[in-house]
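Colleague: Shown below is the structure under consideration.
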Amino acid sequence: MRSFIPNRAMLHTHSFGAEWNASSSQPKDSVVILNDEVVRISAMFVKPRYPNGAGSLNDIDMKPGDTAIVYVCELPEIKGKFDPAKAAALGLRPGPKYRELQLGNSVQSDQFDEMVHPSDVLGPSIPGPAVLLVDCPTQYHMPELFSLQSLSCFYEDSSNQRESGKKVNCIIHLGPSSVTKSVDYQNWMKRFGETQHIMAGHEIKNMEIPILKGSARISSRLNFVCPQLFPSSGFWSVKPANDVMENDKSTSLEACGIVSAQNLLKFHLRPYAQLGLDSASIPSSFTYKDIVKELVSEIPEVREVPEQVLKFWQNNANVKNIQPAGSLMLMVEETWIGQKSAKLDGSPKHPRDNQEIPCCVEDASREDMEITFLGTGSSQPSKYRNVSSVYINLYAQGGILLDCGEGTLGQLKRRFGVNGADEAVKNLRCIWISHIHADHHTGLARVLALRSKLLKGMPHKPLLVIGPRPLERFLSAYSTLEDLDMQFLDCRNTLKPSVKAFLSENVTGSATPQLENTMFAPGSRMENYNRKPASPRDTTALANFKEVLQESGLEILYSVPVVHCPQAFGVVLRATEKVNSAGKVIPGWKVVYSGDTRPCPALIDASRDATVLIHEATFEDSMKDEAIARNHSTTKEAIEVGTSAGAYRIILTHFSQRYPKIPVIDEVDMEKTCIAFDLMSVNLADLPVLPKVLPHLKVLFKDEMVVEEADEIQEAAVY
């Protein structure tokens, strides 16, 4: 990770089990990680056993990620209560000797010629509380788990338990319900006797309860105002028809000492008098209806907004060309965003662009293409904006991820639900990464690992990942931990001349593409790269790349060098043309994503006549100097790039986290521009009305102020 994480941010951990690997036998005793006067923590390894006759995986197939770990947390025993009457009977006077006995030391009797031992005056000791954290991810781990000798001292039916007197007070089960509800696992749980079991596996019903309340609240409010762009989030669970039966079943399980984990559920270990579950800190549940009720109570005028927004879609269905006058009126309303306002007569600073609706939009169906923003912030996640990720939904032809910052998988689940996110991940055609900065790719490993797991045992190809070469080194290293099932292609092999030349000829052994002579925008101060041929591995990836284009319905996908850091790129996607019902040939849509960049000629040229330009707008206009220093763009510069290129619609993203909810934007020249929000979905057919919606969101943010950087977040030195 050193290529994208500064040394001062690296986490140095104390590791254990380095001497134990897949080829060694299971250690007889657990590994003690920590042992002091407060707590003793030990760990046991649990390997999977597959029914292939060999009993376990071969050394070649076994990876560290296949091994589960069981942790045991034991507190010291609780000494028995001191009995003053017994001490007096043994000839002891009250004083320091009482303290010595309580500390476990023997003392001389004050009246008799004999020693008084702690056991003479203390009641029986109580074994210290013990907690087990059990991870059993698959049914193949169960045999190894059940045979762990180090756990036998906790089994109620074991002679070791009777001798040691140890008892487990709480067991937290991390395994999925498919494992924990099996008969064998349930019988194993019973061996611990009267123990509190907390089922903390990844149950769908747990995943669908939002714990990020601030994020859930703002996305739900946006959904109420404009459900067309902000569909209902996937985390609101729908109660099943047999909800009463489920409640009865849950009640009976609690009576047996089994409860489902909840956010901030606690189990007290000390003081001993409070030993047990504590539900006092569990946050009260809230629903979509609760949030809407709160919104209407807080801002009564919001009731009228959904109906006003709906009219845009109704008009769009009936009118192909939006009248400029109507758009002009909307621009006058946009005084809420910036500090400058348009004149009362509605005249803008610059002449308006009377741009007609492109044919690809005019004839679009709702299942052609949709853009979902999974992260619209920069640097690091904030309360309301995750870091960069854009999901291009091609519906029947799959999907593409443009950048994959941390939390991307969680955002997919919040937008599409758990099952919907699984389908989106399974149907990914490729993932494209703009540059090596961590906020653009650290969610990649989780997405790849999930896809590998979902498609295991099914015929499929490795997922194509297109990115800067340093990213491959990280992914290759990570793949030693768990299977990522991916194929890497250097962005420099997907520049426009290389891709065009490659697509125009058949793939042969001699057709080795050449890297372009620069990895930066022409004329930039960082332009410097030596020409060299691609490796045979890249040639194989290019062959896969050609199949990806065909399966995705894309005519071309190519990377564009931009001005940000070494090997930073934007990307262009253009769909193949189609024939409409009238027999007319309709050109394919064109989407351009800037990645992180300063305005540069290469990107402007690549954005010519784009249907949608997704451009970073990290800083407000007044911070141009900082934007230049950090190789980012201001909002005005981003809009000017799209205007110069003749893009039909411009969507701004990658906002500095100093703007927690809404960025500072001058309302001038916003007639073709929209601000991106997390979980916003923009369908190709909805592009004509996109700029009209933004002013109507003012009712949600009218009282928002720009949060000072020092109060909200400490910006990283490098975005």
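We label chains A, B, ... in the order they appear in the structure tokens, count residues from 1 in each chain, and number ligands from 1 in the order shown.
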Can I get the residues of range 588-707 of chain A within 9 Å of range 561-584 of chain A, each with the closest pair of atoms and their distance in Å to one decimal, using only C-alpha atoms, sorted chain first then ascending number, as CSV?
Modeller:
```
residue,atom,partner,partner_atom,distance
A:Gly588,CA,A:Glu577,CA,4.4
A:Trp589,CA,A:Ala575,CA,5.4
A:Lys590,CA,A:Arg574,CA,4.3
A:Val591,CA,A:Leu573,CA,5.2
A:Val592,CA,A:Val572,CA,4.5
A:Tyr593,CA,A:Val571,CA,5.3
A:Ser594,CA,A:Gly570,CA,4.3
A:Gly595,CA,A:Gly570,CA,5.1
A:Asp596,CA,A:His564,CA,6.2
A:Thr597,CA,A:His564,CA,4.9
A:Arg598,CA,A:Val563,CA,5.5
A:Pro599,CA,A:Val563,CA,7.7
A:Cys600,CA,A:Val562,CA,6.7
A:Pro601,CA,A:Val562,CA,8.8
A:Ala602,CA,A:Val562,CA,7.0
A:Leu603,CA,A:Val562,CA,6.8
A:Ala606,CA,A:Val572,CA,7.1
A:Ser607,CA,A:Val572,CA,7.8
A:Ala610,CA,A:Arg574,CA,8.9
A:Arg630,CA,A:His564,CA,7.6
A:Asn631,CA,A:His564,CA,4.9
A:His632,CA,A:His564,CA,7.0
```
Colleague: With only C-alpha atoms as the counted atoms, please give the residues lying no more than 7 Å from Val121 in chain A, apart from itself and same-chain residues fewer than 3 positions off, as JSON, numbers by chain.
Modeller: {"A": [82, 83, 86, 87, 118]}
Colleague: Quick one: everything within 9 Å of Phe312 in chain A, counting only C-alpha atoms, minus sequence neighbours fewer than 5 positions away in the same chain. Send it as a PyMOL selection string.
Modeller: chain A and resi 317+689+692-693
Colleague: Write out, as a tab-separated table (two decimals), in the first residue's frame, the residues just selected, with N, CA and C atoms.
Modeller:
```tsv
chain	number	residue	atom	x	y	z
A	317	ALA	N	-42.14	13.86	-21.08
A	317	ALA	CA	-42.74	12.76	-21.81
A	317	ALA	C	-43.53	13.25	-23.01
A	689	VAL	N	-34.41	17.04	-18.19
A	689	VAL	CA	-34.96	17.76	-17.03
A	689	VAL	C	-33.95	17.89	-15.89
A	692	LYS	N	-33.18	21.31	-14.30
A	692	LYS	CA	-34.37	21.97	-13.76
A	692	LYS	C	-34.63	21.60	-12.29
A	693	VAL	N	-34.14	20.40	-11.90
A	693	VAL	CA	-34.47	19.90	-10.57
A	693	VAL	C	-33.66	20.60	-9.49
```
Colleague: Rank A:Pro51, A:Pro459, A:Pro76, A:Pro663 by their smallest atom-to-atom distance to Glu620 in chain A, using only C-alpha atoms, and report the top residue only.
Modeller: A:Pro663
Colleague: Might you pull out every residue within 12 Å of range 92-99 of chain A, with only C-alpha atoms counted and same-chain residues fewer than 6 positions away left off, and present them as a ChimeraX atom specification?
Modeller: /A:81-86,105-118,120-122
Colleague: Take the residues from that selection and write them out as an mmCIF file, in the first residue's frame, keeping N, CA, C and O atoms.
Modeller:
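Saved file part28.cif follows:
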```cif
data_model
loop_
_atom_site.group_PDB
_atom_site.id
_atom_site.type_symbol
_atom_site.label_atom_id
_atom_site.label_comp_id
_atom_site.auth_asym_id
_atom_site.auth_seq_id
_atom_site.Cartn_x
_atom_site.Cartn_y
_atom_site.Cartn_z
ATOM 1 N N LYS A 81 -15.710 -13.300 48.994
ATOM 2 C CA LYS A 81 -15.938 -12.203 49.933
ATOM 3 C C LYS A 81 -15.238 -12.470 51.272
ATOM 4 O O LYS A 81 -15.260 -13.589 51.796
ATOM 5 N N PHE A 82 -14.607 -11.442 51.833
ATOM 6 C CA PHE A 82 -13.900 -11.551 53.119
ATOM 7 C C PHE A 82 -14.914 -11.641 54.267
ATOM 8 O O PHE A 82 -15.872 -10.866 54.327
ATOM 9 N N ASP A 83 -14.677 -12.607 55.183
ATOM 10 C CA ASP A 83 -15.581 -12.842 56.317
ATOM 11 C C ASP A 83 -14.899 -12.369 57.606
ATOM 12 O O ASP A 83 -14.033 -13.069 58.165
ATOM 13 N N PRO A 84 -15.237 -11.182 58.148
ATOM 14 C CA PRO A 84 -14.596 -10.663 59.380
ATOM 15 C C PRO A 84 -14.804 -11.566 60.584
ATOM 16 O O PRO A 84 -13.939 -11.657 61.470
ATOM 17 N N ALA A 85 -15.936 -12.257 60.642
ATOM 18 C CA ALA A 85 -16.218 -13.133 61.788
ATOM 19 C C ALA A 85 -15.215 -14.281 61.840
ATOM 20 O O ALA A 85 -14.704 -14.649 62.919
ATOM 21 N N LYS A 86 -14.917 -14.864 60.676
ATOM 22 C CA LYS A 86 -13.940 -15.954 60.637
ATOM 23 C C LYS A 86 -12.560 -15.450 61.017
ATOM 24 O O LYS A 86 -11.788 -16.131 61.702
ATOM 25 N N ASN A 105 -2.293 -13.170 50.459
ATOM 26 C CA ASN A 105 -1.108 -13.473 51.253
ATOM 27 C C ASN A 105 -1.501 -14.013 52.635
ATOM 28 O O ASN A 105 -2.478 -13.561 53.243
ATOM 29 N N SER A 106 -0.735 -14.971 53.142
ATOM 30 C CA SER A 106 -0.967 -15.527 54.482
ATOM 31 C C SER A 106 -0.355 -14.605 55.538
ATOM 32 O O SER A 106 0.661 -13.943 55.281
ATOM 33 N N VAL A 107 -0.972 -14.573 56.736
ATOM 34 C CA VAL A 107 -0.497 -13.701 57.821
ATOM 35 C C VAL A 107 -0.470 -14.491 59.133
ATOM 36 O O VAL A 107 -1.116 -15.543 59.270
ATOM 37 N N GLN A 108 0.274 -13.948 60.116
ATOM 38 C CA GLN A 108 0.371 -14.559 61.442
ATOM 39 C C GLN A 108 -0.804 -14.087 62.308
ATOM 40 O O GLN A 108 -1.142 -12.910 62.335
ATOM 41 N N SER A 109 -1.444 -15.032 63.015
ATOM 42 C CA SER A 109 -2.549 -14.684 63.912
ATOM 43 C C SER A 109 -2.026 -13.820 65.049
ATOM 44 O O SER A 109 -0.906 -14.020 65.553
ATOM 45 N N ASP A 110 -2.853 -12.865 65.503
ATOM 46 C CA ASP A 110 -2.463 -11.969 66.585
ATOM 47 C C ASP A 110 -2.590 -12.633 67.959
ATOM 48 O O ASP A 110 -1.930 -12.222 68.921
ATOM 49 N N GLN A 111 -3.425 -13.647 68.083
ATOM 50 C CA GLN A 111 -3.695 -14.256 69.384
ATOM 51 C C GLN A 111 -3.173 -15.687 69.489
ATOM 52 O O GLN A 111 -2.921 -16.180 70.587
ATOM 53 N N PHE A 112 -3.020 -16.359 68.343
ATOM 54 C CA PHE A 112 -2.621 -17.768 68.367
ATOM 55 C C PHE A 112 -1.318 -17.943 67.603
ATOM 56 O O PHE A 112 -0.973 -17.155 66.718
ATOM 57 N N ASP A 113 -0.618 -18.981 67.934
ATOM 58 C CA ASP A 113 0.648 -19.279 67.269
ATOM 59 C C ASP A 113 0.383 -20.124 66.019
ATOM 60 O O ASP A 113 0.691 -21.322 65.965
ATOM 61 N N GLU A 114 -0.231 -19.505 65.029
ATOM 62 C CA GLU A 114 -0.545 -20.202 63.770
ATOM 63 C C GLU A 114 -0.689 -19.190 62.645
ATOM 64 O O GLU A 114 -0.902 -18.000 62.871
ATOM 65 N N MET A 115 -0.536 -19.691 61.430
ATOM 66 C CA MET A 115 -0.687 -18.855 60.240
ATOM 67 C C MET A 115 -2.139 -18.899 59.769
ATOM 68 O O MET A 115 -2.795 -19.952 59.812
ATOM 69 N N VAL A 116 -2.604 -17.756 59.333
ATOM 70 C CA VAL A 116 -3.963 -17.674 58.771
ATOM 71 C C VAL A 116 -3.829 -17.511 57.259
ATOM 72 O O VAL A 116 -3.140 -16.605 56.782
ATOM 73 N N HIS A 117 -4.489 -18.424 56.529
ATOM 74 C CA HIS A 117 -4.384 -18.417 55.067
ATOM 75 C C HIS A 117 -5.632 -17.766 54.456
ATOM 76 O O HIS A 117 -6.717 -17.764 55.080
ATOM 77 N N PRO A 118 -5.521 -17.199 53.232
ATOM 78 C CA PRO A 118 -6.690 -16.556 52.596
ATOM 79 C C PRO A 118 -7.905 -17.460 52.513
ATOM 80 O O PRO A 118 -9.043 -17.006 52.685
ATOM 81 N N ASP A 120 -8.903 -19.473 54.587
ATOM 82 C CA ASP A 120 -9.561 -19.599 55.886
ATOM 83 C C ASP A 120 -10.608 -18.513 56.111
ATOM 84 O O ASP A 120 -11.548 -18.706 56.906
ATOM 85 N N VAL A 121 -10.450 -17.351 55.467
ATOM 86 C CA VAL A 121 -11.337 -16.214 55.753
ATOM 87 C C VAL A 121 -12.092 -15.700 54.521
ATOM 88 O O VAL A 121 -12.955 -14.825 54.643
ATOM 89 N N LEU A 122 -11.746 -16.232 53.355
ATOM 90 C CA LEU A 122 -12.425 -15.793 52.128
ATOM 91 C C LEU A 122 -13.414 -16.835 51.661
ATOM 92 O O LEU A 122 -13.165 -18.054 51.764
#
```
Colleague: Report the residues of range 578-671 of chain A whose backbone DSSP state falls under strand (DSSP E), written as a PyMOL selection string.
Modeller: chain A and resi 578-579+585-586+590-593+612-616+649-653
Colleague: Using only C-alpha atoms, determine which residues lie at most 10 Å from Pro48 in chain A, disregarding the query and same-chain residues fewer than 6 positions distant; provide the list as a short mmCIF file (atom, residue, chain, number, x, y, z; two decimals) with all heavy atoms, in the first residue's frame.
Modeller:
```cif
data_model
loop_
_atom_site.label_atom_id
_atom_site.label_comp_id
_atom_site.auth_asym_id
_atom_site.auth_seq_id
_atom_site.Cartn_x
_atom_site.Cartn_y
_atom_site.Cartn_z
N GLY A 55 -9.29 -34.32 2.97
CA GLY A 55 -9.55 -33.79 4.31
C GLY A 55 -9.40 -32.30 4.42
O GLY A 55 -9.98 -31.67 5.27
N SER A 56 -8.57 -31.70 3.58
CA SER A 56 -8.40 -30.26 3.62
C SER A 56 -7.86 -29.79 2.29
O SER A 56 -7.52 -30.59 1.42
CB SER A 56 -7.44 -29.85 4.75
OG SER A 56 -6.16 -30.38 4.50
N LEU A 57 -7.79 -28.49 2.12
CA LEU A 57 -7.27 -27.92 0.89
C LEU A 57 -5.80 -28.26 0.71
O LEU A 57 -5.06 -28.45 1.67
CB LEU A 57 -7.43 -26.40 0.90
CG LEU A 57 -8.83 -25.85 0.65
CD1 LEU A 57 -8.81 -24.35 0.90
CD2 LEU A 57 -9.29 -26.13 -0.76
N MET A 62 -4.81 -23.20 -0.51
CA MET A 62 -5.12 -22.53 0.75
C MET A 62 -4.56 -21.12 0.78
O MET A 62 -3.41 -20.88 0.44
CB MET A 62 -4.55 -23.34 1.91
CG MET A 62 -4.71 -22.67 3.27
SD MET A 62 -6.43 -22.63 3.81
CE MET A 62 -6.62 -24.30 4.42
N ASP A 66 -8.83 -18.00 3.86
CA ASP A 66 -9.69 -19.18 4.04
C ASP A 66 -9.73 -19.63 5.50
O ASP A 66 -10.59 -20.42 5.88
CB ASP A 66 -9.18 -20.33 3.17
CG ASP A 66 -9.28 -20.01 1.68
OD1 ASP A 66 -10.26 -19.36 1.29
OD2 ASP A 66 -8.37 -20.40 0.93
N THR A 67 -8.79 -19.18 6.30
CA THR A 67 -8.70 -19.60 7.70
C THR A 67 -9.49 -18.65 8.59
O THR A 67 -9.31 -17.44 8.54
CB THR A 67 -7.23 -19.62 8.17
OG1 THR A 67 -6.49 -20.50 7.33
CG2 THR A 67 -7.12 -20.08 9.61
N ALA A 68 -10.38 -19.23 9.39
CA ALA A 68 -11.14 -18.44 10.35
C ALA A 68 -10.44 -18.50 11.71
O ALA A 68 -9.59 -19.36 11.95
CB ALA A 68 -12.56 -18.97 10.46
N CYS A 136 -17.26 -18.82 11.99
CA CYS A 136 -17.39 -20.07 11.24
C CYS A 136 -18.08 -19.73 9.92
O CYS A 136 -19.30 -19.84 9.79
CB CYS A 136 -18.19 -21.10 12.03
SG CYS A 136 -18.23 -22.74 11.27
N PRO A 137 -17.32 -19.27 8.92
CA PRO A 137 -17.92 -18.69 7.72
C PRO A 137 -18.63 -19.68 6.81
O PRO A 137 -19.53 -19.29 6.07
CB PRO A 137 -16.73 -18.05 7.01
CG PRO A 137 -15.53 -18.77 7.51
CD PRO A 137 -15.85 -19.18 8.90
N THR A 138 -18.23 -20.96 6.84
CA THR A 138 -18.86 -21.95 5.95
C THR A 138 -19.08 -23.26 6.70
O THR A 138 -18.51 -23.48 7.78
CB THR A 138 -17.99 -22.23 4.71
OG1 THR A 138 -16.82 -22.97 5.12
CG2 THR A 138 -17.54 -20.94 4.03
N GLN A 139 -19.85 -24.12 6.11
CA GLN A 139 -20.10 -25.43 6.72
C GLN A 139 -18.83 -26.27 6.75
O GLN A 139 -18.67 -27.18 7.58
CB GLN A 139 -21.18 -26.16 5.92
CG GLN A 139 -20.81 -26.39 4.47
CD GLN A 139 -21.87 -27.15 3.70
OE1 GLN A 139 -22.57 -27.99 4.28
NE2 GLN A 139 -21.99 -26.88 2.41
N TYR A 140 -17.87 -25.95 5.87
CA TYR A 140 -16.63 -26.73 5.81
C TYR A 140 -15.69 -26.40 6.96
O TYR A 140 -14.72 -27.11 7.21
CB TYR A 140 -15.92 -26.47 4.48
CG TYR A 140 -16.78 -26.79 3.28
CD1 TYR A 140 -17.23 -25.78 2.43
CD2 TYR A 140 -17.17 -28.10 3.01
CE1 TYR A 140 -18.04 -26.06 1.34
CE2 TYR A 140 -17.98 -28.40 1.93
CZ TYR A 140 -18.41 -27.37 1.10
OH TYR A 140 -19.21 -27.67 0.02
N HIS A 141 -15.96 -25.31 7.69
CA HIS A 141 -15.17 -24.98 8.86
C HIS A 141 -15.69 -25.66 10.13
O HIS A 141 -15.00 -25.69 11.15
CB HIS A 141 -15.16 -23.45 9.10
CG HIS A 141 -14.37 -22.68 8.08
ND1 HIS A 141 -14.86 -22.39 6.83
CD2 HIS A 141 -13.12 -22.13 8.14
CE1 HIS A 141 -13.94 -21.69 6.16
NE2 HIS A 141 -12.89 -21.52 6.93
N MET A 142 -16.90 -26.19 10.08
CA MET A 142 -17.52 -26.74 11.29
C MET A 142 -16.76 -27.92 11.88
O MET A 142 -16.55 -27.96 13.10
CB MET A 142 -18.98 -27.11 11.01
CG MET A 142 -19.89 -25.89 10.83
SD MET A 142 -21.66 -26.26 10.97
CE MET A 142 -21.91 -27.27 9.50
N PRO A 143 -16.31 -28.90 11.10
CA PRO A 143 -15.59 -30.02 11.73
C PRO A 143 -14.36 -29.58 12.52
O PRO A 143 -14.11 -30.08 13.62
CB PRO A 143 -15.20 -30.90 10.52
CG PRO A 143 -16.21 -30.56 9.47
CD PRO A 143 -16.51 -29.12 9.66
N GLU A 144 -13.58 -28.65 11.96
CA GLU A 144 -12.40 -28.17 12.66
C GLU A 144 -12.78 -27.40 13.93
O GLU A 144 -12.13 -27.52 14.96
CB GLU A 144 -11.59 -27.27 11.72
CG GLU A 144 -10.20 -26.93 12.21
CD GLU A 144 -9.20 -28.02 11.88
OE1 GLU A 144 -9.56 -29.01 11.21
OE2 GLU A 144 -8.06 -27.88 12.31
N LEU A 145 -13.85 -26.60 13.84
CA LEU A 145 -14.31 -25.84 15.00
C LEU A 145 -14.74 -26.77 16.12
O LEU A 145 -14.38 -26.58 17.29
CB LEU A 145 -15.47 -24.93 14.59
CG LEU A 145 -16.19 -24.19 15.71
CD1 LEU A 145 -15.26 -23.21 16.40
CD2 LEU A 145 -17.44 -23.47 15.17
#
```
Colleague: Taking only C-alpha atoms into account, name the residue in A:Asp290, A:Pro468, A:Val168, A:His654 that is nearest to Gly405 in chain A.
Modeller: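 Among the listed residues, the smallest separation from Gly405 in chain A belongs to A:His654.
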Colleague: Between CA of Ile400 in chain A and CA of Leu454 in chain A, what is the distance, to one decimal in Å?
Modeller: 17.3 Å
Colleague: Could you tell me how far CA of Val225 in chain A sits from CA of Pro688 in chain A, in Å to one decimal place?
Modeller: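 Rounded to one decimal, the two atoms are 18.2 Å apart.
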Colleague: Would you list the contacts of Pro210 in chain A as a VMD selection string, taking every protein, DNA or RNA residue within 12 Å and counting only C-alpha atoms, but skipping same-chain residues closer than 5 positions in sequence?
Modeller: chain A and resid 204 to 205 215 to 217 219 to 220 233 to 237 262 to 263 283 to 288 410 to 411 413 to 415 417
Colleague: Excluding Ser119 in chain A and its own-chain neighbours fewer than 3 positions away, which residues fall within 9 Å of it when counting only C-alpha atoms? Please give them as an MDAnalysis selection string.
Modeller: chainID A and resid 80 101 104 116 122:124
Colleague: Which residue is closest to Pro695 in chain A? Choose from A:Leu90, A:Asp621, A:Gln186, A:Glu671 and count only C-alpha atoms.
Modeller: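 So, comparing all the options, the nearest one is A:Glu671.
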Colleague: Once DSSP has gone over the backbone, tell me which residues of range 375-578 of chain A are in helix (DSSP H, G or I), as a PyMOL selection string.
Modeller: chain A and resi 395-397+408-426+438-440+444-454+469-478+491-494+496-503+536-552
Colleague: Report the distance between CA of Leu700 in chain A and CA of Ser379 in chain A in Å, rounded to one decimal place.
Modeller: 25.2 Å
Colleague: Using only C-alpha atoms, which of A:Phe4, A:Phe373, A:Phe474, A:Phe488 sits nearest Val390 in chain A?
Modeller: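 Selected residue with least distance to Val390 in chain A: A:Phe373.
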Colleague: May I ask which of the residues A:Leu151, A:Ile218, A:Ala685, A:Ala396 is the closest one to Ser232 in chain A, counting only C-alpha atoms?
Modeller: A:Ile218
Colleague: So, with only C-alpha atoms as the atoms that count, which of A:Lys47, A:Val499, A:Glu406, A:Val134 lies closest to Val72 in chain A?
Modeller: A:Val134
